[in-house]
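Engineer: Please find one structure pasted underneath; my questions will follow.
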Amino acid sequence: MANSQLLREACARSIRYLEELRERRVFPDASARDALRALDTPLPERPSDPHEALKLLDEMGSPATVATAGSRYFGYVVGGSLDACVAANWLTTAWDQNASMVSLSPAACAIEKVAARWLLDVLGLPKDAHCSFQTGTTTAHMTALVAARNAVLRRVGWDVRADGLSGAPSIHIVVGGEAHPSLMRALGVVGFGARQVTSVRVDDQGRMLPEAISEFGEHPTIVCAQVGNVNTGASDPIAAIRDAAPGAWLHVDGAFGLWANASPRRRHFTKGIEHADSWATDGHKWLNVPYDSGIAIVREGAAVKHALSMSAAYLTDERSDPKDYTLELSRRARGIDVWMALRTLGRQGIADLVDRCCDLAKRFAERLGALGYSVLNDVVLNQVLVTFGSAEQTHRVIEALQSDGVCWCGGTVWQGQVAMRISVSSWATTVADVDRCVDTMARIARPD
Ligand SMILES: *Cc1c(COP(=O)(O)O)cnc(C)c1O
């Protein structure tokens, strides 16, 4: 029998946490962080009351969490969780389905299949591309790049599954000078060292200069472009890159920027995106589903199956189970959270979420600019880079802001300049939140 009382209590505690999220400190203070030590006990020898353990977890853990799911967290690129997706996540946790194959979970596989179809539709990608649900963009990169690597080598007569990589023809790997570190890591895992990667020059917003992509002749080539630079929000000119390297496998890092394509008002930033061969994106950032949620999308699904299928008969086996398209065998049905976001927001709601975040980022930039602070980037998406004077002064403001507790923004270095980065990625953020944060930044930055 299920322990209903315990599960109800967990539910009640979760709801209380979410209700208090809007007004609590965004980053936990030192006493909440120090209190975590109470959890650092020797391994219990005997079973104990789970109510006690849950109470301890809530009383010690909750106050020390970072309110990334709240409305005033603007660090990195994070995004909150829609209540609908938290609810779906609770239910699917209770289901405890293994989403690896239809014979283990018809429900999980069917719902993820719908989520995949809707994703391609809302993102404006080819209808027959293949989506697989991953833990994040990093693993989505790995999935897509393994498929890309094996496919481009197959075209020159090399079979990686049979003959491995040593002795294989070399592959040209081309990335933008502003590629995200997760892409470089994924390339490394897939077998490409830093010295084998050609880095293309970028402009002042971090966009690849397509004329800097040289001719690669007959060599197998993988070009990795990006939509949504983590600092500026800018996107590489995908259509021009496609033209500059017509024979290459074009992979796109669209961790958050791919969602620009879901908004008719922003779609021009990602022009030509549908002509790529693979795309990696997150659900846990801009789609606002709970962790962890990444999506690998590959135009030729067969290329993924060819590379990752668990079955030795991968060339002839007609069946199609999720396990043959992901790095995992057993896995939670994380695509159901994506289904819930798309089911409840719809095409219009997704576009509104993207547009609202972009409009709020603009408001940050305009208000901070009006106060005399320098905004370093063209605020075309949801990212804002601002300086408060010298590098030392900007560092000081970031540090003071982070310990103040009203909001949280991180620091970065943009083309040699120290800046504070504001990323608006949550459904929960309002105009009032932005104004309150700008006032806080102004109070902290003001020389006294
Ligand atoms: C966050 C991010 C990634 C990595 O995504 P994870 O889901 O954290 O693995 C890759 N590229 C860009 C541009 C990002 O913003």
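Here's how to read the names in the structure tokens: chain A, B, ... by the order shown, residue numbers from 1 in each chain, ligand numbers from 1 in the order shown.
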With only C-alpha atoms and all ligand atoms counted and 7 Å as the cut-off, give the residues of chain A in contact with ligand 1, each with its shortest interatomic distance in Å and the pair that gives it, as JSON lines.
Structural biologist:
```
{"residue": "A:Val77", "atom": "CA", "partner": "ligand 1", "partner_atom_place_in_ligand_line": "15 (O)", "distance": 5.9}
{"residue": "A:Thr135", "atom": "CA", "partner": "ligand 1", "partner_atom_place_in_ligand_line": "7 (O)", "distance": 6.9}
{"residue": "A:Gly136", "atom": "CA", "partner": "ligand 1", "partner_atom_place_in_ligand_line": "7 (O)", "distance": 3.5}
{"residue": "A:Thr137", "atom": "CA", "partner": "ligand 1", "partner_atom_place_in_ligand_line": "7 (O)", "distance": 4.0}
{"residue": "A:Thr138", "atom": "CA", "partner": "ligand 1", "partner_atom_place_in_ligand_line": "9 (O)", "distance": 3.7}
{"residue": "A:Thr139", "atom": "CA", "partner": "ligand 1", "partner_atom_place_in_ligand_line": "9 (O)", "distance": 6.5}
{"residue": "A:His180", "atom": "CA", "partner": "ligand 1", "partner_atom_place_in_ligand_line": "11 (N)", "distance": 5.1}
{"residue": "A:Ser182", "atom": "CA", "partner": "ligand 1", "partner_atom_place_in_ligand_line": "10 (C)", "distance": 5.3}
{"residue": "A:Leu183", "atom": "CA", "partner": "ligand 1", "partner_atom_place_in_ligand_line": "10 (C)", "distance": 6.5}
{"residue": "A:Gln226", "atom": "CA", "partner": "ligand 1", "partner_atom_place_in_ligand_line": "13 (C)", "distance": 6.9}
{"residue": "A:Gly228", "atom": "CA", "partner": "ligand 1", "partner_atom_place_in_ligand_line": "13 (C)", "distance": 5.9}
{"residue": "A:Asn229", "atom": "CA", "partner": "ligand 1", "partner_atom_place_in_ligand_line": "13 (C)", "distance": 5.5}
{"residue": "A:Val230", "atom": "CA", "partner": "ligand 1", "partner_atom_place_in_ligand_line": "15 (O)", "distance": 4.9}
{"residue": "A:Asp253", "atom": "CA", "partner": "ligand 1", "partner_atom_place_in_ligand_line": "11 (N)", "distance": 5.7}
{"residue": "A:Gly254", "atom": "CA", "partner": "ligand 1", "partner_atom_place_in_ligand_line": "13 (C)", "distance": 6.1}
{"residue": "A:Ala255", "atom": "CA", "partner": "ligand 1", "partner_atom_place_in_ligand_line": "12 (C)", "distance": 4.6}
{"residue": "A:Phe256", "atom": "CA", "partner": "ligand 1", "partner_atom_place_in_ligand_line": "15 (O)", "distance": 5.9}
{"residue": "A:Asp282", "atom": "CA", "partner": "ligand 1", "partner_atom_place_in_ligand_line": "7 (O)", "distance": 5.5}
{"residue": "A:Gly294", "atom": "CA", "partner": "ligand 1", "partner_atom_place_in_ligand_line": "7 (O)", "distance": 5.9}
```
Engineer: Using the selection just defined, write its residues with all heavy atoms as a compact mmCIF listing (two decimals), in the first residue's frame.
Structural biologist:
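Full text of result_31.txt as output:
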```txt
# COMPACT_ATOMS: atom_id res chain seq x y z
N VAL A 77 21.77 30.85 -17.75
CA VAL A 77 20.48 30.86 -18.47
C VAL A 77 19.73 29.69 -17.85
O VAL A 77 20.09 28.54 -18.08
CB VAL A 77 20.64 30.62 -19.99
CG1 VAL A 77 19.28 30.81 -20.69
CG2 VAL A 77 21.68 31.55 -20.58
N THR A 135 19.26 14.42 -21.03
CA THR A 135 19.33 15.13 -19.76
C THR A 135 19.61 16.63 -19.94
O THR A 135 19.35 17.42 -19.05
CB THR A 135 20.44 14.55 -18.86
OG1 THR A 135 21.63 14.45 -19.64
CG2 THR A 135 20.05 13.19 -18.34
N GLY A 136 20.16 17.03 -21.07
CA GLY A 136 20.45 18.44 -21.28
C GLY A 136 21.01 18.65 -22.68
O GLY A 136 21.13 17.69 -23.46
N THR A 137 21.37 19.89 -22.95
CA THR A 137 21.94 20.17 -24.27
C THR A 137 23.29 19.47 -24.42
O THR A 137 23.66 19.05 -25.52
CB THR A 137 22.05 21.69 -24.49
OG1 THR A 137 20.72 22.22 -24.57
CG2 THR A 137 22.78 22.03 -25.76
N THR A 138 24.04 19.34 -23.32
CA THR A 138 25.35 18.69 -23.43
C THR A 138 25.21 17.27 -23.96
O THR A 138 25.92 16.87 -24.90
CB THR A 138 26.04 18.67 -22.04
OG1 THR A 138 26.10 20.01 -21.54
CG2 THR A 138 27.45 18.11 -22.14
N THR A 139 24.29 16.48 -23.39
CA THR A 139 24.12 15.11 -23.87
C THR A 139 23.45 15.10 -25.24
O THR A 139 23.71 14.20 -26.05
CB THR A 139 23.31 14.24 -22.88
OG1 THR A 139 22.22 15.01 -22.41
CG2 THR A 139 24.17 13.79 -21.72
N HIS A 180 29.87 27.43 -27.11
CA HIS A 180 29.66 27.17 -25.68
C HIS A 180 30.60 26.05 -25.22
O HIS A 180 30.82 25.09 -25.96
CB HIS A 180 28.20 26.76 -25.47
CG HIS A 180 27.79 26.76 -24.03
ND1 HIS A 180 27.93 25.66 -23.23
CD2 HIS A 180 27.24 27.74 -23.26
CE1 HIS A 180 27.47 25.96 -22.01
NE2 HIS A 180 27.04 27.21 -22.00
N SER A 182 30.16 23.60 -23.42
CA SER A 182 29.53 22.27 -23.45
C SER A 182 29.70 21.61 -24.81
O SER A 182 29.77 20.39 -24.91
CB SER A 182 28.03 22.37 -23.11
OG SER A 182 27.35 23.05 -24.14
N LEU A 183 29.76 22.43 -25.85
CA LEU A 183 29.95 21.87 -27.20
C LEU A 183 31.37 21.31 -27.32
O LEU A 183 31.58 20.21 -27.85
CB LEU A 183 29.71 22.95 -28.27
CG LEU A 183 29.93 22.42 -29.68
CD1 LEU A 183 28.73 21.61 -30.15
CD2 LEU A 183 30.20 23.55 -30.65
N GLN A 226 25.62 28.15 -33.76
CA GLN A 226 24.92 28.42 -32.50
C GLN A 226 23.81 29.43 -32.72
O GLN A 226 24.00 30.42 -33.42
CB GLN A 226 25.97 28.99 -31.53
CG GLN A 226 25.44 29.54 -30.23
CD GLN A 226 26.60 29.91 -29.30
OE1 GLN A 226 26.95 29.16 -28.40
NE2 GLN A 226 27.20 31.06 -29.53
N GLY A 228 21.64 31.78 -30.17
CA GLY A 228 21.55 32.15 -28.76
C GLY A 228 22.90 32.06 -28.08
O GLY A 228 23.19 31.10 -27.37
N ASN A 229 23.72 33.09 -28.31
CA ASN A 229 25.00 33.17 -27.60
C ASN A 229 24.71 33.41 -26.11
O ASN A 229 23.87 34.23 -25.76
CB ASN A 229 25.82 34.34 -28.18
CG ASN A 229 27.12 34.56 -27.45
OD1 ASN A 229 27.14 35.03 -26.31
ND2 ASN A 229 28.22 34.23 -28.09
N VAL A 230 25.41 32.68 -25.26
CA VAL A 230 25.09 32.70 -23.84
C VAL A 230 25.31 34.10 -23.23
O VAL A 230 24.69 34.45 -22.23
CB VAL A 230 25.89 31.59 -23.11
CG1 VAL A 230 27.33 31.98 -22.93
CG2 VAL A 230 25.23 31.21 -21.81
N ASP A 253 23.81 24.45 -31.94
CA ASP A 253 23.59 24.56 -30.49
C ASP A 253 22.52 25.62 -30.29
O ASP A 253 22.76 26.81 -30.45
CB ASP A 253 24.90 24.98 -29.79
CG ASP A 253 24.72 25.16 -28.29
OD1 ASP A 253 23.57 25.14 -27.80
OD2 ASP A 253 25.75 25.32 -27.60
N GLY A 254 21.33 25.14 -29.94
CA GLY A 254 20.23 26.07 -29.69
C GLY A 254 19.67 25.87 -28.30
O GLY A 254 18.45 25.84 -28.10
N ALA A 255 20.56 25.74 -27.32
CA ALA A 255 20.15 25.39 -25.95
C ALA A 255 18.93 26.20 -25.52
O ALA A 255 17.92 25.66 -25.09
CB ALA A 255 21.31 25.60 -24.99
N PHE A 256 19.04 27.52 -25.65
CA PHE A 256 17.85 28.34 -25.39
C PHE A 256 17.42 29.09 -26.64
O PHE A 256 16.24 29.29 -26.88
CB PHE A 256 18.08 29.30 -24.20
CG PHE A 256 19.16 30.34 -24.44
CD1 PHE A 256 18.85 31.61 -24.87
CD2 PHE A 256 20.50 30.02 -24.24
CE1 PHE A 256 19.85 32.56 -25.10
CE2 PHE A 256 21.50 30.96 -24.46
CZ PHE A 256 21.17 32.24 -24.89
N ASP A 282 17.38 22.64 -24.98
CA ASP A 282 16.95 22.31 -23.62
C ASP A 282 15.46 22.51 -23.45
O ASP A 282 14.89 23.46 -24.01
CB ASP A 282 17.61 23.29 -22.62
CG ASP A 282 19.00 22.87 -22.21
OD1 ASP A 282 19.22 21.68 -21.99
OD2 ASP A 282 19.85 23.76 -22.07
N GLY A 294 16.75 17.75 -21.88
CA GLY A 294 17.42 18.18 -23.10
C GLY A 294 16.81 17.43 -24.27
O GLY A 294 16.17 16.39 -24.09
```
Engineer: Find the residues around Val160 in chain A up to 12 Å (only C-alpha atoms counted), leave out those fewer than 2 positions away in its own chain, and share them as an MDAnalysis selection string.
Structural biologist: chainID A and resid 146:158 162:169 190:191 306:308
Engineer: Restricting the output to C-alpha atoms, write the selected residues as an mmCIF file, in the first residue's frame.
Structural biologist:
```
data_model
loop_
_atom_site.group_PDB
_atom_site.id
_atom_site.type_symbol
_atom_site.label_atom_id
_atom_site.label_comp_id
_atom_site.auth_asym_id
_atom_site.auth_seq_id
_atom_site.Cartn_x
_atom_site.Cartn_y
_atom_site.Cartn_z
ATOM 1 C CA VAL A 146 28.006 10.752 -32.598
ATOM 2 C CA ALA A 147 25.401 10.471 -35.352
ATOM 3 C CA ALA A 148 27.189 13.185 -37.362
ATOM 4 C CA ARG A 149 30.624 11.635 -36.929
ATOM 5 C CA ASN A 150 29.528 8.186 -38.034
ATOM 6 C CA ALA A 151 27.433 9.553 -40.912
ATOM 7 C CA VAL A 152 30.162 11.720 -42.442
ATOM 8 C CA LEU A 153 32.663 8.883 -42.155
ATOM 9 C CA ARG A 154 30.210 6.437 -43.701
ATOM 10 C CA ARG A 155 29.978 8.749 -46.712
ATOM 11 C CA VAL A 156 33.699 8.242 -47.316
ATOM 12 C CA GLY A 157 33.446 4.502 -46.836
ATOM 13 C CA TRP A 158 34.418 4.162 -43.158
ATOM 14 C CA ALA A 162 32.718 -2.069 -37.255
ATOM 15 C CA ASP A 163 36.181 -0.510 -37.406
ATOM 16 C CA GLY A 164 36.256 2.068 -34.610
ATOM 17 C CA LEU A 165 37.995 5.390 -34.896
ATOM 18 C CA SER A 166 41.704 4.689 -34.982
ATOM 19 C CA GLY A 167 42.881 4.888 -38.552
ATOM 20 C CA ALA A 168 39.663 6.571 -39.701
ATOM 21 C CA PRO A 169 39.848 9.434 -42.233
ATOM 22 C CA VAL A 190 33.037 12.057 -29.266
ATOM 23 C CA GLY A 191 36.727 11.944 -30.077
ATOM 24 C CA HIS A 306 22.871 3.656 -36.893
ATOM 25 C CA ALA A 307 25.232 5.087 -34.272
ATOM 26 C CA LEU A 308 23.419 4.271 -31.008
#
```
Engineer: Find the residue from A:Val66, A:Ile336, A:Leu21, A:Ala296 that sits nearest to Thr92 in chain A; use only C-alpha atoms when measuring.
Structural biologist: A:Ile336
Engineer: Using only C-alpha atoms, determine which residues lie at most 9 Å from range 236-242 of chain A, disregarding the query and same-chain residues fewer than 2 positions distant; provide the list as a PyMOL selection string.
Structural biologist: chain A and resi 176+202+206-211+213+223+225-229+234+244-248+250+252+269-273+275-276
Engineer: Restricted to C-alpha atoms, what would the selected residues look like written as a compact mmCIF listing (two decimals), in the first residue's frame?
Structural biologist:
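As written to disk, result-v8.txt reads:
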```txt
# COMPACT_ATOMS: atom_id res chain seq x y z
CA GLY A 176 32.42 29.55 -33.95
CA VAL A 202 33.18 36.18 -34.87
CA GLY A 206 29.77 36.80 -31.18
CA ARG A 207 28.27 35.73 -34.53
CA MET A 208 30.34 33.54 -36.82
CA LEU A 209 31.62 35.34 -39.93
CA PRO A 210 30.54 32.96 -42.71
CA GLU A 211 33.21 34.32 -45.07
CA ILE A 213 34.57 29.42 -43.21
CA VAL A 223 30.18 22.60 -38.74
CA ALA A 225 26.85 26.79 -35.30
CA GLN A 226 24.92 28.42 -32.50
CA VAL A 227 21.64 30.24 -32.06
CA GLY A 228 21.55 32.15 -28.76
CA ASN A 229 25.00 33.17 -27.60
CA ALA A 234 22.98 36.62 -30.79
CA ALA A 244 29.32 28.43 -47.17
CA ALA A 245 29.54 24.72 -46.30
CA PRO A 246 26.91 22.96 -48.39
CA GLY A 247 28.43 19.49 -48.07
CA ALA A 248 29.06 19.60 -44.33
CA LEU A 250 25.59 21.31 -39.87
CA VAL A 252 23.24 23.80 -34.20
CA PHE A 269 17.12 35.64 -35.95
CA THR A 270 17.22 31.95 -36.75
CA LYS A 271 16.66 32.21 -40.50
CA GLY A 272 17.66 29.05 -42.34
CA ILE A 273 17.65 26.97 -39.15
CA HIS A 275 18.31 23.51 -43.19
CA ALA A 276 20.68 22.19 -40.51
```
Engineer: Might you pull out every residue within 10 Å of range 111-115 of chain A, with only C-alpha atoms counted and same-chain residues fewer than 6 positions away left off, and present them as JSON, numbers by chain?
Structural biologist: {"A": [99, 121, 130, 131, 132, 133, 322, 333, 334, 335, 336, 337, 338, 339, 340, 341, 342, 343]}
Engineer: DSSP says helix (DSSP H, G or I) for which residues of range 149-324 of chain A? Put them as a PyMOL selection string?
Structural biologist: chain A and resi 149-155+160-163+181-190+194-196+210-212+238-244+257-262+267-270+273-275+301-308+322-324
Engineer: Would you please give, as JSON, numbers by chain, all residues of range 94-282 of chain A that DSSP assigns to strand (DSSP E) based on the backbone?
Structural biologist: {"A": [130, 131, 132, 133, 134, 172, 173, 174, 175, 176, 197, 198, 199, 200, 221, 222, 223, 224, 225, 226, 249, 250, 251, 252, 253, 278, 279, 280, 281, 282]}
Engineer: Please produce, as JSON lines, a per-residue contact table for range 31-71 of chain A versus range 402-424 of chain A (criterion: any atom at most 10 Å away, only C-alpha atoms considered), showing the nearest atom pair and its distance in Å to one decimal, sorted by chain then residue number.
Structural biologist:
```
{"residue": "A:Val66", "atom": "CA", "partner": "A:Trp408", "partner_atom": "CA", "distance": 9.4}
{"residue": "A:Ala67", "atom": "CA", "partner": "A:Cys407", "partner_atom": "CA", "distance": 9.1}
{"residue": "A:Thr68", "atom": "CA", "partner": "A:Trp408", "partner_atom": "CA", "distance": 8.9}
{"residue": "A:Gly70", "atom": "CA", "partner": "A:Cys407", "partner_atom": "CA", "distance": 9.6}
{"residue": "A:Ser71", "atom": "CA", "partner": "A:Cys407", "partner_atom": "CA", "distance": 8.6}
```
Engineer: Can you tell me, as a PyMOL selection string, what residues are no more than 9 Å from Val289 in chain A when counting only C-alpha atoms, ignoring any on the same chain fewer than 6 positions away?
Structural biologist: chain A and resi 79-86+89+283+337-338+340-341
